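Before any comments, here is the structure.
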Amino acid sequence: MGKQIQAIINVFKKNKNKLLDYNEIYEQMDKSVFGSNKWGVQGQKNIVYRLMLGNPLFEINENYIPKKFKVRLNVLKAKDLPGVENIYSTGDTSIFVDNKKFEEVKFPSEKDFENEIKSNHELIFGKNTSYYDIKSKVGNRRCDGLVFDPKNKRGYIVEAELSIHSLYGHIIPQIIDFFTNMKDAQTKDDLKWGIPWKKNEKLDIHEAIDKERYDIIVILDKINFETDEAKNNIAELIKNFVKNKDMQILFREFNVYLGPKKKKIFRVK
């Protein structure tokens, strides 16, 4: 089994960790790792699929049929696969600024992506906005943050997601869970009084929470679905939980590019 896993990973190394389904992986891998051909081609393909499914070495993107996989960056160790971390630290896109190359960062975990958003939230929401971590205060599937805009006295419920996660299996359920829990007075009070809001924003944030004066914004490293359709579906699903009919559901793509001397540039779409 170890040789088969290594052969699968070698395919990802050759493809710079591009998303691949089990058929594509099988076609490119060293078939000798299966030994004598007692399973047949389809049997060997099934082995490839089972070796990746549920394996912590691999991430699954369920937005494709069949599912596509890639190597999970934060699990792989350089001592196990020399050079892998360098190969998989960047994506397929590069930007050139003053003839200097900046390569897209591929985040090894959702937490890393969320931290980058938190550190650079003013690029997305505007200057003088404040980012608050609320994930420990609302619901079981918790939204990540609340950004408050003091100029408009409006909040943004932030959900940071990597594109490997399914829109309907992962992202939308978290949003629904947030609004389901916000119908509970105790949960709303926990949010209002359990977060160390800035003193000069506290009363305005409390009022925004009470009057549901906030929008939903889902920030992804890559948008791979039709956003208008997703907005309509989410609006339909949460309409029974929301009093404020002016609430907007927004999607933003946020990318980080790394250049010489670890200098970063950002793209918000």
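Letters for chains follow the order of the structure tokens (A, B, ...), residue numbers begin at 1 for each chain, and ligand numbers begin at 1 in the order shown.
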Would you return as a JSON list (two decimals) with C-alpha atoms, in the first residue's frame the members of range 184-222 of chain A that DSSP assigns to helix (DSSP H, G or I) on this structure's backbone?
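Generated file (selection-v1.json):
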[["chain", "number", "residue", "atom", "x", "y", "z"],
["A", 185, "ALA", "CA", -32.44, 35.19, 22.23],
["A", 186, "GLN", "CA", -29.76, 33.62, 24.43],
["A", 187, "THR", "CA", -27.46, 32.99, 21.47],
["A", 188, "LYS", "CA", -27.92, 36.58, 20.33],
["A", 189, "ASP", "CA", -27.07, 37.82, 23.83],
["A", 190, "ASP", "CA", -24.00, 35.57, 23.94],
["A", 191, "LEU", "CA", -22.80, 37.17, 20.73],
["A", 192, "LYS", "CA", -23.54, 40.71, 21.89],
["A", 193, "TRP", "CA", -21.92, 40.37, 25.31],
["A", 194, "GLY", "CA", -19.34, 37.64, 24.74],
["A", 202, "LYS", "CA", -19.95, 48.36, 20.95],
["A", 203, "LEU", "CA", -23.36, 50.08, 21.07],
["A", 204, "ASP", "CA", -23.59, 50.34, 17.29],
["A", 205, "ILE", "CA", -22.72, 46.66, 16.90],
["A", 206, "HIS", "CA", -25.34, 45.67, 19.48],
["A", 207, "GLU", "CA", -27.92, 47.67, 17.55],
["A", 208, "ALA", "CA", -26.82, 46.11, 14.25],
["A", 209, "ILE", "CA", -27.23, 42.63, 15.75],
["A", 210, "ASP", "CA", -30.65, 43.42, 17.23]]
| Can you list, as a PyMOL selection string, every protein, DNA or RNA residue that comes within 12 Å of Phe266 in chain A when you count only C-alpha atoms, leaving out same-chain residues fewer than 6 positions away? | chain A and resi 94-95+97+102-105+116-117+119-124+221+253-259
Just-selected residues, C-alpha atoms written as a PDB file, in the first residue's frame:
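Output file part03.pdb follows:
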ATOM      1  CA  SER A  94       1.562  34.091 -11.510  1.00  0.00           C
ATOM      2  CA  ILE A  95       1.555  37.889 -11.654  1.00  0.00           C
ATOM      3  CA  VAL A  97       5.016  43.446 -11.269  1.00  0.00           C
ATOM      4  CA  PHE A 102       4.634  36.802  -7.779  1.00  0.00           C
ATOM      5  CA  GLU A 103       3.158  33.313  -7.456  1.00  0.00           C
ATOM      6  CA  GLU A 104      -0.288  32.527  -6.100  1.00  0.00           C
ATOM      7  CA  VAL A 105      -0.255  31.100  -2.581  1.00  0.00           C
ATOM      8  CA  GLU A 116      -4.800  36.098   5.892  1.00  0.00           C
ATOM      9  CA  ILE A 117      -8.303  37.551   5.458  1.00  0.00           C
ATOM     10  CA  SER A 119      -4.922  40.472   8.628  1.00  0.00           C
ATOM     11  CA  ASN A 120      -5.977  42.156   5.383  1.00  0.00           C
ATOM     12  CA  HIS A 121      -9.691  42.697   5.937  1.00  0.00           C
ATOM     13  CA  GLU A 122      -9.455  46.414   5.121  1.00  0.00           C
ATOM     14  CA  LEU A 123      -8.522  45.503   1.540  1.00  0.00           C
ATOM     15  CA  ILE A 124     -11.842  43.672   1.238  1.00  0.00           C
ATOM     16  CA  ASP A 221      -9.716  31.363  -2.693  1.00  0.00           C
ATOM     17  CA  GLU A 253     -12.558  35.859  -4.304  1.00  0.00           C
ATOM     18  CA  PHE A 254      -9.409  36.692  -2.358  1.00  0.00           C
ATOM     19  CA  ASN A 255      -5.957  35.720  -3.592  1.00  0.00           C
ATOM     20  CA  VAL A 256      -2.489  36.223  -2.183  1.00  0.00           C
ATOM     21  CA  TYR A 257       0.654  36.257  -4.320  1.00  0.00           C
ATOM     22  CA  LEU A 258       4.152  35.812  -2.960  1.00  0.00           C
ATOM     23  CA  GLY A 259       7.165  37.407  -4.611  1.00  0.00           C
TER      24      GLY A 259
END
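Of the listed residues A:Phe251, A:Tyr156, A:Tyr132, A:Tyr214, the one whose atoms come nearest to Ile195 in chain A is A:Tyr132, with distances taken using only C-alpha atoms.
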Please identify every residue of range 171-259 of chain A that has at least one atom no farther than 12 Å from an atom of range 62-74 of chain A, counting only C-alpha atoms, and for each give the shortest atom pair and the distance in Å to one decimal, arranged by chain then increasing number, as CSV.
residue,atom,partner,partner_atom,distance
A:Ile223,CA,A:Asn63,CA,11.1
A:Asn224,CA,A:Asn63,CA,8.2
A:Phe225,CA,A:Asn63,CA,8.5
A:Glu226,CA,A:Asn63,CA,11.9
Please produce a file of those selected residues containing N, CA and C atoms, as a compact mmCIF listing (two decimals), in the first residue's frame.
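Final output, selection-v3.txt:
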# COMPACT_ATOMS: atom_id res chain seq x y z
N ILE A 223 -13.73 30.98 -6.77
CA ILE A 223 -15.17 30.78 -6.95
C ILE A 223 -15.37 29.87 -8.15
N ASN A 224 -15.91 28.68 -7.91
CA ASN A 224 -16.09 27.71 -8.99
C ASN A 224 -17.55 27.30 -9.14
N PHE A 225 -18.45 28.26 -8.86
CA PHE A 225 -19.88 28.00 -9.03
C PHE A 225 -20.55 29.29 -9.48
N GLU A 226 -21.80 29.19 -9.90
CA GLU A 226 -22.56 30.34 -10.36
C GLU A 226 -23.07 31.12 -9.15
| said: So the first atom is CA of Ser163 in chain A and the second is CA of Leu220 in chain A; what is the distance between them in Å, to one decimal place? | reply: 6.2 Å
| query | For Leu20 in chain A, which residue out of A:Glu161, A:Glu229, A:Glu59, A:Asp177 is the nearest one, using only C-alpha atoms? | reply | A:Glu59
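CA of Leu146 in chain A lies 6.5 Å from CA of Asp133 in chain A.
Distance-wise, CA of Gly169 in chain A and CA of Ile60 in chain A end up 12.5 Å apart.
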| message | List the spatial neighbours of Leu237 in chain A as a PyMOL selection string - criterion: any atom at most 12 Å away, only C-alpha atoms, same-chain residues fewer than 6 positions off excluded. | response | chain A and resi 168+172-177+179-180+230-231
Could you save those same residues with N, CA and C atoms as a PDB file, in the first residue's frame?
ATOM      1  N   TYR A 168     -23.014  23.346  -1.383  1.00  0.00           N
ATOM      2  CA  TYR A 168     -24.271  22.886  -0.791  1.00  0.00           C
ATOM      3  C   TYR A 168     -24.064  21.906   0.361  1.00  0.00           C
ATOM      4  N   ILE A 172     -23.260  26.423   2.589  1.00  0.00           N
ATOM      5  CA  ILE A 172     -24.638  26.837   2.865  1.00  0.00           C
ATOM      6  C   ILE A 172     -25.138  26.318   4.213  1.00  0.00           C
ATOM      7  N   PRO A 173     -24.861  25.048   4.593  1.00  0.00           N
ATOM      8  CA  PRO A 173     -25.301  24.603   5.924  1.00  0.00           C
ATOM      9  C   PRO A 173     -24.761  25.458   7.064  1.00  0.00           C
ATOM     10  N   GLN A 174     -23.532  25.972   6.934  1.00  0.00           N
ATOM     11  CA  GLN A 174     -22.979  26.827   7.988  1.00  0.00           C
ATOM     12  C   GLN A 174     -23.746  28.142   8.080  1.00  0.00           C
ATOM     13  N   ILE A 175     -24.122  28.692   6.932  1.00  0.00           N
ATOM     14  CA  ILE A 175     -24.879  29.947   6.931  1.00  0.00           C
ATOM     15  C   ILE A 175     -26.265  29.735   7.530  1.00  0.00           C
ATOM     16  N   ILE A 176     -26.916  28.644   7.148  1.00  0.00           N
ATOM     17  CA  ILE A 176     -28.243  28.340   7.692  1.00  0.00           C
ATOM     18  C   ILE A 176     -28.162  28.138   9.200  1.00  0.00           C
ATOM     19  N   ASP A 177     -27.116  27.445   9.649  1.00  0.00           N
ATOM     20  CA  ASP A 177     -26.950  27.202  11.080  1.00  0.00           C
ATOM     21  C   ASP A 177     -26.802  28.516  11.842  1.00  0.00           C
ATOM     22  N   PHE A 179     -28.074  31.486  11.096  1.00  0.00           N
ATOM     23  CA  PHE A 179     -29.356  32.182  11.224  1.00  0.00           C
ATOM     24  C   PHE A 179     -30.349  31.406  12.086  1.00  0.00           C
ATOM     25  N   THR A 180     -30.267  30.093  12.049  1.00  0.00           N
ATOM     26  CA  THR A 180     -31.117  29.294  12.928  1.00  0.00           C
ATOM     27  C   THR A 180     -30.814  29.613  14.385  1.00  0.00           C
ATOM     28  N   ALA A 230     -26.404  30.693  -6.484  1.00  0.00           N
ATOM     29  CA  ALA A 230     -26.128  30.416  -5.071  1.00  0.00           C
ATOM     30  C   ALA A 230     -26.815  31.439  -4.172  1.00  0.00           C
ATOM     31  N   LYS A 231     -26.769  32.719  -4.549  1.00  0.00           N
ATOM     32  CA  LYS A 231     -27.425  33.768  -3.761  1.00  0.00           C
ATOM     33  C   LYS A 231     -28.917  33.497  -3.638  1.00  0.00           C
TER      34      LYS A 231
END
| request: Determine, counting only C-alpha atoms, which protein, DNA and RNA residues have an atom within 7 Å of an atom of range 43-55 of chain A; residues of the same chain fewer than 6 positions away are not included. Present the result as a list in words. | output: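 Answer for this query is Tyr22, Asn23 and Tyr26 of chain A.
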| task | Once DSSP has gone over the backbone, tell me which residues of range 3-67 of chain A are in strand (DSSP E), as a ChimeraX atom specification. | result | /A:20-21,58-61
